[in-house]
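Undergrad: Below you'll find run_28.txt; it's compact mmCIF, C-alpha atoms.
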# COMPACT_ATOMS: atom_id res chain seq x y z
CA MET A 215 -12.91 159.87 -116.52
CA SER A 216 -9.25 159.92 -115.77
CA GLY A 217 -7.53 163.27 -115.96
CA THR A 218 -4.71 161.68 -117.91
CA GLU A 219 -6.79 160.93 -121.00
CA GLN A 220 -5.75 162.80 -124.09
CA LEU A 221 -6.86 163.11 -127.64
CA ASP A 222 -5.28 160.41 -129.82
CA PRO A 223 -1.98 161.94 -130.98
CA ARG A 224 -2.63 160.69 -134.50
CA ILE A 225 -5.63 163.01 -134.56
CA ALA A 226 -4.07 165.81 -132.52
CA ASN A 227 -1.14 165.99 -134.92
CA ARG A 228 -3.51 166.75 -137.80
CA LEU A 229 -5.23 169.71 -136.13
CA LYS A 230 -4.32 173.24 -137.16
CA ARG A 231 -5.50 175.30 -134.22
CA ASP A 232 -5.98 179.05 -134.11
CA ARG A 233 -4.17 181.25 -131.61
CA ASP A 234 -6.68 180.22 -128.95
CA GLY A 235 -6.07 176.52 -129.59
CA LEU A 236 -9.41 176.06 -131.33
CA VAL A 237 -10.77 174.60 -134.54
CA ALA A 238 -14.17 175.41 -136.01
CA ALA A 239 -16.90 172.78 -135.77
CA VAL A 240 -19.62 172.93 -138.40
CA VAL A 241 -22.64 171.06 -137.07
CA ARG A 242 -25.26 169.53 -139.33
CA GLN A 243 -28.24 167.25 -138.95
CA TYR A 244 -26.92 163.87 -140.08
CA ASP A 245 -29.87 162.76 -142.23
CA THR A 246 -31.19 165.96 -143.79
CA GLY A 247 -27.79 167.67 -144.05
CA GLU A 248 -29.20 170.90 -142.64
CA VAL A 249 -26.44 173.14 -141.27
CA LEU A 250 -27.44 173.89 -137.69
CA MET A 251 -24.70 175.91 -136.04
CA LEU A 252 -21.01 176.62 -135.77
CA ALA A 253 -19.11 176.04 -132.55
CA TRP A 254 -15.51 175.66 -131.41
CA MET A 255 -13.46 172.76 -130.14
CA ASP A 256 -10.07 172.39 -128.57
CA ASP A 257 -8.35 169.02 -128.29
CA GLU A 258 -10.21 168.11 -125.11
CA ALA A 259 -13.63 169.02 -126.51
CA LEU A 260 -12.92 166.84 -129.54
CA ARG A 261 -11.70 164.00 -127.33
CA ARG A 262 -14.89 164.15 -125.28
CA THR A 263 -17.05 164.34 -128.39
CA LEU A 264 -15.42 161.29 -129.97
CA SER A 265 -15.32 159.23 -126.79
CA THR A 266 -18.83 159.98 -125.49
CA GLY A 267 -20.81 160.51 -128.70
CA ARG A 268 -22.23 163.71 -127.20
CA ALA A 269 -21.26 166.96 -128.90
CA THR A 270 -19.00 168.93 -126.59
CA TYR A 271 -17.65 172.38 -127.38
CA TRP A 272 -15.49 175.12 -125.96
CA SER A 273 -17.43 178.29 -125.25
CA ARG A 274 -15.35 181.26 -126.30
CA SER A 275 -17.67 183.65 -124.46
CA ARG A 276 -17.92 181.72 -121.21
CA GLY A 277 -14.46 180.15 -121.29
CA GLU A 278 -15.66 176.66 -120.45
CA TYR A 279 -16.65 173.34 -121.95
CA TRP A 280 -20.29 172.72 -122.67
CA VAL A 281 -22.11 169.58 -123.57
CA LYS A 282 -24.79 170.64 -126.01
CA GLY A 283 -28.19 170.00 -124.46
CA ALA A 284 -26.93 169.52 -120.90
CA THR A 285 -29.01 172.43 -119.68
CA SER A 286 -31.44 172.97 -122.58
CA GLY A 287 -32.30 169.34 -123.28
CA HIS A 288 -31.47 170.02 -126.93
CA HIS A 289 -29.02 167.16 -127.17
CA GLN A 290 -26.77 166.39 -130.09
CA PHE A 291 -26.04 162.71 -130.62
CA VAL A 292 -22.94 162.41 -132.73
CA LYS A 293 -23.15 160.18 -135.78
CA SER A 294 -19.84 161.05 -137.43
CA VAL A 295 -17.02 163.59 -137.37
CA ALA A 296 -14.81 164.53 -140.31
CA LEU A 297 -11.73 166.73 -140.39
CA ASP A 298 -11.08 168.96 -143.36
CA CYS A 299 -8.08 168.99 -145.68
CA ASP A 300 -6.07 171.57 -143.77
CA GLY A 301 -7.05 170.50 -140.27
CA ASP A 302 -8.71 173.68 -139.08
CA ALA A 303 -12.36 172.65 -139.33
CA LEU A 304 -14.54 169.72 -138.34
CA LEU A 305 -17.85 168.62 -139.79
CA VAL A 306 -19.92 167.11 -136.99
CA SER A 307 -22.99 165.16 -138.10
CA VAL A 308 -25.50 164.85 -135.29
CA ASP A 309 -29.03 163.87 -134.47
CA GLN A 310 -30.31 167.17 -133.05
CA VAL A 311 -33.11 167.08 -130.50
CA GLY A 312 -35.26 170.18 -130.83
CA PRO A 313 -33.83 173.55 -131.86
CA ALA A 314 -30.07 173.85 -132.24
CA CYS A 315 -30.08 177.59 -131.60
CA HIS A 316 -30.33 179.12 -128.15
CA THR A 317 -32.84 181.58 -129.64
CA GLY A 318 -35.24 178.70 -130.19
CA THR A 319 -34.89 178.34 -133.94
CA ARG A 320 -33.88 175.07 -135.56
CA THR A 321 -30.71 176.56 -137.02
CA CYS A 322 -28.56 179.51 -135.95
CA PHE A 323 -28.26 180.83 -139.52
CA THR A 324 -31.47 182.85 -139.77
CA ASP A 325 -30.16 186.32 -140.55
CA GLU A 326 -30.14 186.61 -144.36
CA LEU A 327 -27.80 189.22 -145.82
CA PRO A 328 -28.48 190.91 -149.15
CA VAL A 329 -26.48 189.60 -152.12
CA GLU A 330 -26.44 192.64 -154.37
CA ALA A 331 -25.17 191.03 -157.53
CA GLY A 332 -25.22 187.49 -158.69
CA ALA A 333 -23.07 185.92 -161.35
CA GLU A 334 -24.43 182.89 -163.12
CA ARG A 335 -22.54 179.72 -163.85
CA SER A 336 -23.41 180.08 -167.52
CA GLU A 337 -21.47 183.34 -167.76
CA VAL A 338 -18.11 181.65 -167.32
CA THR A 339 -18.58 178.25 -168.83
CA ALA A 340 -18.31 179.60 -172.35
CA MET B 167 -13.83 199.51 -157.40
CA SER B 168 -13.39 202.60 -155.31
CA GLY B 169 -11.12 202.25 -152.33
CA THR B 170 -13.66 204.05 -150.21
CA GLU B 171 -16.29 201.35 -150.41
CA GLN B 172 -17.05 199.70 -147.12
CA LEU B 173 -19.24 196.94 -145.83
CA ASP B 174 -22.71 198.25 -144.95
CA PRO B 175 -22.37 199.38 -141.32
CA ARG B 176 -25.70 197.74 -140.51
CA ILE B 177 -24.03 194.43 -141.36
CA ALA B 178 -20.59 195.29 -139.98
CA ASN B 179 -22.10 196.14 -136.61
CA ARG B 180 -23.50 192.63 -136.30
CA LEU B 181 -20.20 190.83 -136.88
CA LYS B 182 -18.33 189.35 -133.96
CA ARG B 183 -14.80 188.98 -135.28
CA ASP B 184 -11.97 186.96 -133.80
CA ARG B 185 -8.66 188.52 -132.82
CA ASP B 186 -7.60 188.50 -136.46
CA GLY B 187 -10.75 190.33 -137.55
CA LEU B 188 -12.27 187.23 -139.13
CA VAL B 189 -15.53 185.31 -139.06
CA ALA B 190 -15.93 181.71 -140.19
CA ALA B 191 -17.68 181.07 -143.50
CA VAL B 192 -19.36 177.67 -143.88
CA VAL B 193 -19.81 177.00 -147.58
CA ARG B 194 -22.47 174.66 -148.93
CA GLN B 195 -23.87 173.72 -152.30
CA TYR B 196 -27.11 175.69 -152.49
CA ASP B 197 -29.38 172.98 -153.90
CA THR B 198 -28.09 169.74 -152.38
CA GLY B 199 -27.05 171.30 -149.07
CA GLU B 200 -23.72 169.49 -149.16
CA VAL B 201 -21.15 171.14 -146.89
CA LEU B 202 -18.14 171.86 -149.11
CA MET B 203 -15.56 173.76 -147.10
CA LEU B 204 -14.85 176.26 -144.38
CA ALA B 205 -13.09 179.53 -145.09
CA TRP B 206 -12.60 182.91 -143.44
CA MET B 207 -13.87 186.39 -144.16
CA ASP B 208 -13.07 189.82 -142.87
CA ASP B 209 -15.33 192.79 -143.54
CA GLU B 210 -13.84 193.44 -146.97
CA ALA B 211 -14.12 189.81 -148.10
CA LEU B 212 -17.77 189.83 -147.08
CA ARG B 213 -18.36 193.14 -148.85
CA ARG B 214 -16.84 191.78 -152.06
CA THR B 215 -18.81 188.54 -151.77
CA LEU B 216 -22.13 190.35 -151.33
CA SER B 217 -21.46 192.96 -153.99
CA THR B 218 -20.03 190.71 -156.69
CA GLY B 219 -21.81 187.40 -156.08
CA ARG B 220 -18.44 185.63 -156.25
CA ALA B 221 -17.25 183.99 -153.06
CA THR B 222 -14.22 185.87 -151.76
CA TYR B 223 -12.25 184.87 -148.69
CA TRP B 224 -9.28 185.90 -146.61
CA SER B 225 -6.48 183.36 -146.73
CA ARG B 226 -5.01 182.99 -143.26
CA SER B 227 -2.01 181.09 -144.63
CA ARG B 228 -1.21 183.45 -147.51
CA GLY B 229 -2.40 186.67 -145.90
CA GLU B 230 -4.39 187.82 -148.92
CA TYR B 231 -7.85 187.90 -150.44
CA TRP B 232 -8.77 185.14 -152.84
CA VAL B 233 -11.68 184.82 -155.18
CA LYS B 234 -12.57 181.14 -155.17
CA GLY B 235 -11.98 179.73 -158.64
CA ALA B 236 -9.91 182.66 -159.92
CA THR B 237 -6.93 180.39 -160.53
CA SER B 238 -8.50 176.91 -160.38
CA GLY B 239 -11.64 177.62 -162.39
CA HIS B 240 -13.64 176.08 -159.55
CA HIS B 241 -15.89 179.09 -159.16
CA GLN B 242 -18.45 179.62 -156.45
CA PHE B 243 -21.52 181.60 -157.53
CA VAL B 244 -23.18 182.95 -154.43
CA LYS B 245 -26.88 182.31 -154.06
CA SER B 246 -27.39 183.50 -150.48
CA VAL B 247 -25.50 184.43 -147.33
CA ALA B 248 -26.82 184.13 -143.78
CA LEU B 249 -25.27 185.34 -140.53
CA ASP B 250 -25.67 183.28 -137.38
CA CYS B 251 -27.22 184.31 -134.08
CA ASP B 252 -24.04 185.54 -132.45
CA GLY B 253 -22.44 187.06 -135.52
CA ASP B 254 -19.29 184.97 -135.69
CA ALA B 255 -20.22 182.66 -138.56
CA LEU B 256 -21.68 182.91 -142.05
CA LEU B 257 -23.47 180.27 -144.09
CA VAL B 258 -22.66 180.86 -147.75
CA SER B 259 -24.82 178.96 -150.22
CA VAL B 260 -23.12 178.67 -153.59
CA ASP B 261 -23.27 176.97 -156.92
CA GLN B 262 -19.90 175.20 -156.91
CA VAL B 263 -18.22 174.47 -160.21
CA GLY B 264 -16.18 171.28 -159.95
CA PRO B 265 -14.41 170.26 -156.74
CA ALA B 266 -14.46 172.69 -153.82
CA CYS B 267 -11.29 171.27 -152.32
CA HIS B 268 -7.81 172.09 -153.57
CA THR B 269 -7.02 168.37 -153.24
CA GLY B 270 -9.49 167.68 -156.03
CA THR B 271 -12.32 166.22 -153.96
CA ARG B 272 -15.80 167.67 -154.06
CA THR B 273 -15.74 168.57 -150.35
CA CYS B 274 -12.86 169.31 -147.99
CA PHE B 275 -14.32 167.13 -145.21
CA THR B 276 -13.02 163.73 -146.26
CA ASP B 277 -11.00 162.67 -143.22
CA GLU B 278 -13.40 160.65 -141.04
CA LEU B 279 -12.48 160.42 -137.35
CA PRO B 280 -13.52 157.46 -135.18
CA VAL B 281 -16.49 158.07 -132.90
CA GLU B 282 -15.80 155.55 -130.16
CA ALA B 283 -19.14 155.65 -128.41
CA GLY B 284 -22.53 156.66 -129.62
CA ALA B 285 -25.48 157.65 -127.47
CA GLU B 286 -28.88 157.18 -128.99
CA ARG B 287 -31.69 159.66 -128.90
CA SER B 288 -33.94 157.04 -127.34
CA GLU B 289 -31.71 156.81 -124.28
CA VAL B 290 -32.61 160.26 -123.04
CA THR B 291 -36.16 160.74 -124.21
CA ALA B 292 -37.49 158.51 -121.43
Can you turn what I pasted into structure tokens?
TA:
Amino acid sequence: MSGTEQLDPRIANRLKRDRDGLVAAVVRQYDTGEVLMLAWMDDEALRRTLSTGRATYWSRSRGEYWVKGATSGHHQFVKSVALDCDGDALLVSVDQVGPACHTGTRTCFTDELPVEAGAERSEVTA
Amino acid sequence: MSGTEQLDPRIANRLKRDRDGLVAAVVRQYDTGEVLMLAWMDDEALRRTLSTGRATYWSRSRGEYWVKGATSGHHQFVKSVALDCDGDALLVSVDQVGPACHTGTRTCFTDELPVEAGAERSEVTA
């Protein structure tokens, strides 16, 4: 690819990036809706994702781009991408091959926290 | 509530906060799995969410805590909360009353972006 390619300015203008230039990318399995993981994108990661159909993120820990599955084989084929109302989050619907999590589980969200009290919908609808 | 209450240190120690002390909170409808919105929590917002069962976030734009639905009536009753593998994201499963988005739509992710090229799973399984 040419080094001069940039994210479409009509999209770039709608992004509300954090101080590191990133937006959050919520990743879900496109057909079941299962939430698989959360990753981060800058403009270039989003450009690559939209233009190649392969989910590409910015690694905050390693400080580099990564194409999901490039080393693990756990590819993510992008079906659709939606931006949220205030431009700081993306919903990336993918076809996930194998586990999404580097720990080997299907989803990264496996650590349940205790909800001590629960309010019920019926309590406030009166 | 007492001002001395703190998030359980066993949970706090697992959080990997950004430079603003926040983790991302992916919010979904607990029964359908629909992804509704993305918000932000610091330790105190998570403590309030877990202890009250009412989704409570930190507003990056307003610089204050907000209990979802407190002004709009679009309450979120928390069914479960899960932390991800690297501690920088939460998956909050809620019973959402009415629209989750302040624009009046059910979900905040309504702005579809064009995916220019799509790779198919079959192309790499050979």
Undergrad: Can you move chain B onto chain A by a least-squares fit over all C-alpha atoms paired in order, then give me the moved copy as an mmCIF file with C-alpha atoms, keeping the file's coordinate frame?
TA:
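As written to disk, part-v5.cif reads:
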data_model
loop_
_atom_site.group_PDB
_atom_site.id
_atom_site.type_symbol
_atom_site.label_atom_id
_atom_site.label_comp_id
_atom_site.auth_asym_id
_atom_site.auth_seq_id
_atom_site.Cartn_x
_atom_site.Cartn_y
_atom_site.Cartn_z
ATOM 1 C CA MET B 167 -12.888 160.085 -116.492
ATOM 2 C CA SER B 168 -9.203 160.018 -115.763
ATOM 3 C CA GLY B 169 -7.432 163.330 -115.982
ATOM 4 C CA THR B 170 -4.664 161.695 -117.946
ATOM 5 C CA GLU B 171 -6.769 160.923 -120.982
ATOM 6 C CA GLN B 172 -5.730 162.775 -124.082
ATOM 7 C CA LEU B 173 -6.864 163.097 -127.644
ATOM 8 C CA ASP B 174 -5.298 160.390 -129.824
ATOM 9 C CA PRO B 175 -1.997 161.928 -130.966
ATOM 10 C CA ARG B 176 -2.636 160.656 -134.489
ATOM 11 C CA ILE B 177 -5.640 162.989 -134.552
ATOM 12 C CA ALA B 178 -4.077 165.796 -132.515
ATOM 13 C CA ASN B 179 -1.154 165.980 -134.919
ATOM 14 C CA ARG B 180 -3.506 166.738 -137.794
ATOM 15 C CA LEU B 181 -5.225 169.698 -136.135
ATOM 16 C CA LYS B 182 -4.320 173.211 -137.161
ATOM 17 C CA ARG B 183 -5.499 175.307 -134.235
ATOM 18 C CA ASP B 184 -5.972 179.054 -134.107
ATOM 19 C CA ARG B 185 -4.170 181.242 -131.594
ATOM 20 C CA ASP B 186 -6.670 180.209 -128.937
ATOM 21 C CA GLY B 187 -6.068 176.511 -129.587
ATOM 22 C CA LEU B 188 -9.410 176.047 -131.329
ATOM 23 C CA VAL B 189 -10.759 174.586 -134.549
ATOM 24 C CA ALA B 190 -14.161 175.399 -136.019
ATOM 25 C CA ALA B 191 -16.883 172.762 -135.764
ATOM 26 C CA VAL B 192 -19.625 172.919 -138.406
ATOM 27 C CA VAL B 193 -22.638 171.053 -137.072
ATOM 28 C CA ARG B 194 -25.264 169.517 -139.334
ATOM 29 C CA GLN B 195 -28.247 167.245 -138.958
ATOM 30 C CA TYR B 196 -26.929 163.866 -140.080
ATOM 31 C CA ASP B 197 -29.868 162.757 -142.229
ATOM 32 C CA THR B 198 -31.203 165.963 -143.783
ATOM 33 C CA GLY B 199 -27.807 167.654 -144.061
ATOM 34 C CA GLU B 200 -29.199 170.885 -142.649
ATOM 35 C CA VAL B 201 -26.450 173.134 -141.285
ATOM 36 C CA LEU B 202 -27.444 173.894 -137.687
ATOM 37 C CA MET B 203 -24.689 175.905 -136.052
ATOM 38 C CA LEU B 204 -21.007 176.624 -135.771
ATOM 39 C CA ALA B 205 -19.104 176.040 -132.556
ATOM 40 C CA TRP B 206 -15.508 175.656 -131.413
ATOM 41 C CA MET B 207 -13.451 172.753 -130.153
ATOM 42 C CA ASP B 208 -10.065 172.392 -128.582
ATOM 43 C CA ASP B 209 -8.345 169.026 -128.278
ATOM 44 C CA GLU B 210 -10.212 168.102 -125.106
ATOM 45 C CA ALA B 211 -13.637 169.016 -126.509
ATOM 46 C CA LEU B 212 -12.919 166.845 -129.531
ATOM 47 C CA ARG B 213 -11.704 163.995 -127.332
ATOM 48 C CA ARG B 214 -14.892 164.134 -125.262
ATOM 49 C CA THR B 215 -17.059 164.340 -128.380
ATOM 50 C CA LEU B 216 -15.428 161.291 -129.973
ATOM 51 C CA SER B 217 -15.335 159.242 -126.790
ATOM 52 C CA THR B 218 -18.825 159.984 -125.498
ATOM 53 C CA GLY B 219 -20.826 160.521 -128.693
ATOM 54 C CA ARG B 220 -22.244 163.723 -127.191
ATOM 55 C CA ALA B 221 -21.270 166.947 -128.904
ATOM 56 C CA THR B 222 -19.015 168.942 -126.593
ATOM 57 C CA TYR B 223 -17.656 172.381 -127.390
ATOM 58 C CA TRP B 224 -15.491 175.115 -125.962
ATOM 59 C CA SER B 225 -17.436 178.282 -125.260
ATOM 60 C CA ARG B 226 -15.343 181.263 -126.296
ATOM 61 C CA SER B 227 -17.673 183.655 -124.470
ATOM 62 C CA ARG B 228 -17.913 181.707 -121.206
ATOM 63 C CA GLY B 229 -14.458 180.147 -121.266
ATOM 64 C CA GLU B 230 -15.672 176.649 -120.434
ATOM 65 C CA TYR B 231 -16.643 173.321 -121.941
ATOM 66 C CA TRP B 232 -20.297 172.729 -122.666
ATOM 67 C CA VAL B 233 -22.121 169.579 -123.560
ATOM 68 C CA LYS B 234 -24.803 170.640 -126.013
ATOM 69 C CA GLY B 235 -28.202 169.992 -124.462
ATOM 70 C CA ALA B 236 -26.937 169.509 -120.902
ATOM 71 C CA THR B 237 -29.019 172.437 -119.681
ATOM 72 C CA SER B 238 -31.459 172.977 -122.571
ATOM 73 C CA GLY B 239 -32.304 169.346 -123.283
ATOM 74 C CA HIS B 240 -31.488 170.015 -126.933
ATOM 75 C CA HIS B 241 -29.016 167.168 -127.169
ATOM 76 C CA GLN B 242 -26.775 166.402 -130.097
ATOM 77 C CA PHE B 243 -26.057 162.698 -130.622
ATOM 78 C CA VAL B 244 -22.952 162.406 -132.734
ATOM 79 C CA LYS B 245 -23.160 160.180 -135.773
ATOM 80 C CA SER B 246 -19.846 161.043 -137.438
ATOM 81 C CA VAL B 247 -17.022 163.568 -137.367
ATOM 82 C CA ALA B 248 -14.817 164.515 -140.313
ATOM 83 C CA LEU B 249 -11.719 166.711 -140.387
ATOM 84 C CA ASP B 250 -11.076 168.947 -143.373
ATOM 85 C CA CYS B 251 -8.069 168.983 -145.677
ATOM 86 C CA ASP B 252 -6.064 171.554 -143.765
ATOM 87 C CA GLY B 253 -7.050 170.487 -140.274
ATOM 88 C CA ASP B 254 -8.701 173.676 -139.082
ATOM 89 C CA ALA B 255 -12.346 172.633 -139.338
ATOM 90 C CA LEU B 256 -14.540 169.706 -138.344
ATOM 91 C CA LEU B 257 -17.858 168.601 -139.795
ATOM 92 C CA VAL B 258 -19.925 167.092 -136.993
ATOM 93 C CA SER B 259 -22.995 165.159 -138.096
ATOM 94 C CA VAL B 260 -25.509 164.854 -135.282
ATOM 95 C CA ASP B 261 -29.023 163.869 -134.456
ATOM 96 C CA GLN B 262 -30.318 167.161 -133.050
ATOM 97 C CA VAL B 263 -33.106 167.081 -130.507
ATOM 98 C CA GLY B 264 -35.266 170.183 -130.852
ATOM 99 C CA PRO B 265 -33.826 173.554 -131.870
ATOM 100 C CA ALA B 266 -30.057 173.849 -132.248
ATOM 101 C CA CYS B 267 -30.080 177.577 -131.599
ATOM 102 C CA HIS B 268 -30.340 179.119 -128.150
ATOM 103 C CA THR B 269 -32.837 181.587 -129.648
ATOM 104 C CA GLY B 270 -35.239 178.706 -130.186
ATOM 105 C CA THR B 271 -34.889 178.346 -133.951
ATOM 106 C CA ARG B 272 -33.889 175.077 -135.544
ATOM 107 C CA THR B 273 -30.701 176.556 -137.035
ATOM 108 C CA CYS B 274 -28.556 179.500 -135.962
ATOM 109 C CA PHE B 275 -28.251 180.831 -139.533
ATOM 110 C CA THR B 276 -31.456 182.834 -139.786
ATOM 111 C CA ASP B 277 -30.162 186.322 -140.564
ATOM 112 C CA GLU B 278 -30.148 186.592 -144.374
ATOM 113 C CA LEU B 279 -27.801 189.215 -145.833
ATOM 114 C CA PRO B 280 -28.483 190.910 -149.182
ATOM 115 C CA VAL B 281 -26.476 189.593 -152.119
ATOM 116 C CA GLU B 282 -26.451 192.635 -154.372
ATOM 117 C CA ALA B 283 -25.177 191.018 -157.533
ATOM 118 C CA GLY B 284 -25.257 187.465 -158.692
ATOM 119 C CA ALA B 285 -23.060 185.921 -161.356
ATOM 120 C CA GLU B 286 -24.433 182.892 -163.097
ATOM 121 C CA ARG B 287 -22.552 179.731 -163.819
ATOM 122 C CA SER B 288 -23.399 180.078 -167.497
ATOM 123 C CA GLU B 289 -21.485 183.345 -167.726
ATOM 124 C CA VAL B 290 -18.114 181.706 -167.276
ATOM 125 C CA THR B 291 -18.554 178.301 -168.831
ATOM 126 C CA ALA B 292 -18.286 179.751 -172.338
#
Undergrad: Have a look at A:Tyr279, A:Arg268, A:Ser273, A:Ala239 and name the one nearest to A:Val311; count all atoms listed in the file.
TA: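 The closest residue to A:Val311 is A:Arg268.
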Undergrad: Between atom CA of B:Asn179 and atom CA of A:Thr324, what distance in Å does the model show, to one decimal?
TA: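 Atom-to-atom, atom CA of B:Asn179 and atom CA of A:Thr324 are spaced 16.6 Å apart.
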Undergrad: Could I get the residues of chain B with an atom no further than 6 Å from an atom of chain A, each paired with its nearest atom pair and that distance in Å to one decimal, using all atoms listed in the file, sorted by chain and residue number, as JSON lines?
TA:
{"residue": "B:Leu216", "atom": "CA", "partner": "A:Val329", "partner_atom": "CA", "distance": 4.5}
{"residue": "B:Ser217", "atom": "CA", "partner": "A:Glu330", "partner_atom": "CA", "distance": 5.0}
{"residue": "B:Thr218", "atom": "CA", "partner": "A:Ala331", "partner_atom": "CA", "distance": 5.2}
{"residue": "B:Gly219", "atom": "CA", "partner": "A:Gly332", "partner_atom": "CA", "distance": 4.3}
{"residue": "B:Phe243", "atom": "CA", "partner": "A:Ala333", "partner_atom": "CA", "distance": 6.0}
{"residue": "B:Val247", "atom": "CA", "partner": "A:Leu327", "partner_atom": "CA", "distance": 5.5}
{"residue": "B:Ala248", "atom": "CA", "partner": "A:Glu326", "partner_atom": "CA", "distance": 4.2}
{"residue": "B:Leu249", "atom": "CA", "partner": "A:Asp325", "partner_atom": "CA", "distance": 5.0}
{"residue": "B:Asp250", "atom": "CA", "partner": "A:Phe323", "partner_atom": "CA", "distance": 4.2}
{"residue": "B:Cys251", "atom": "CA", "partner": "A:Cys322", "partner_atom": "CA", "distance": 5.3}
{"residue": "B:Cys274", "atom": "CA", "partner": "A:Asp298", "partner_atom": "CA", "distance": 5.0}
{"residue": "B:Phe275", "atom": "CA", "partner": "A:Asp298", "partner_atom": "CA", "distance": 4.2}
{"residue": "B:Asp277", "atom": "CA", "partner": "A:Leu297", "partner_atom": "CA", "distance": 5.0}
{"residue": "B:Glu278", "atom": "CA", "partner": "A:Ala296", "partner_atom": "CA", "distance": 4.2}
{"residue": "B:Leu279", "atom": "CA", "partner": "A:Val295", "partner_atom": "CA", "distance": 5.5}
{"residue": "B:Val281", "atom": "CA", "partner": "A:Leu264", "partner_atom": "CA", "distance": 4.5}
{"residue": "B:Glu282", "atom": "CA", "partner": "A:Ser265", "partner_atom": "CA", "distance": 5.0}
{"residue": "B:Ala283", "atom": "CA", "partner": "A:Gly267", "partner_atom": "CA", "distance": 5.1}
{"residue": "B:Gly284", "atom": "CA", "partner": "A:Gly267", "partner_atom": "CA", "distance": 4.3}
{"residue": "B:Ala285", "atom": "CA", "partner": "A:Gly267", "partner_atom": "CA", "distance": 5.6}
Undergrad: Would you mind reading off the distance between atom CA of B:Gly270 and atom CA of B:Ala236, one decimal, in Å?
TA: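 Between atom CA of B:Gly270 and atom CA of B:Ala236 the gap works out to 15.5 Å.
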Undergrad: Please, what distance in Å, to one decimal, runs between atom CA of B:Ser259 and atom CA of B:Asp197?
TA: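 Atom CA of B:Asp197 lies at a distance of 8.4 Å from atom CA of B:Ser259.
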Undergrad: Which residue gives the smallest distance to B:Arg226 among B:Met207, B:Val260, B:Leu181, B:Ala266, with all atoms listed in the file counted?
TA: B:Met207
Undergrad: Got a minute to add N, CA and C atoms to stretch 308-320 of chain A and dump it as a short mmCIF file (atom, residue, chain, number, x, y, z; two decimals), in the coordinates of the input?
TA:
data_model
loop_
_atom_site.label_atom_id
_atom_site.label_comp_id
_atom_site.auth_asym_id
_atom_site.auth_seq_id
_atom_site.Cartn_x
_atom_site.Cartn_y
_atom_site.Cartn_z
N VAL A 308 -24.82 165.19 -136.54
CA VAL A 308 -25.50 164.85 -135.29
C VAL A 308 -26.98 164.57 -135.53
N ASP A 309 -27.58 163.91 -134.54
CA ASP A 309 -29.03 163.87 -134.47
C ASP A 309 -29.43 164.91 -133.43
N GLN A 310 -29.99 166.02 -133.90
CA GLN A 310 -30.31 167.17 -133.05
C GLN A 310 -31.71 167.01 -132.47
N VAL A 311 -31.80 167.08 -131.16
CA VAL A 311 -33.11 167.08 -130.50
C VAL A 311 -33.57 168.52 -130.37
N GLY A 312 -34.71 168.83 -130.96
CA GLY A 312 -35.26 170.18 -130.83
C GLY A 312 -34.42 171.20 -131.58
N PRO A 313 -34.57 172.49 -131.18
CA PRO A 313 -33.83 173.55 -131.86
C PRO A 313 -32.35 173.51 -131.52
N ALA A 314 -31.50 173.78 -132.50
CA ALA A 314 -30.07 173.85 -132.24
C ALA A 314 -29.69 175.20 -131.66
N CYS A 315 -30.46 176.22 -131.98
CA CYS A 315 -30.08 177.59 -131.60
C CYS A 315 -30.66 177.96 -130.24
N HIS A 316 -29.86 178.70 -129.47
CA HIS A 316 -30.33 179.12 -128.15
C HIS A 316 -31.49 180.12 -128.26
N THR A 317 -31.71 180.66 -129.45
CA THR A 317 -32.84 181.58 -129.64
C THR A 317 -34.15 180.83 -129.87
N GLY A 318 -34.03 179.51 -130.02
CA GLY A 318 -35.24 178.70 -130.19
C GLY A 318 -35.53 178.29 -131.62
N THR A 319 -34.71 178.75 -132.55
CA THR A 319 -34.89 178.34 -133.94
C THR A 319 -34.10 177.06 -134.21
N ARG A 320 -34.52 176.34 -135.23
CA ARG A 320 -33.88 175.07 -135.56
C ARG A 320 -32.40 175.25 -135.85
#
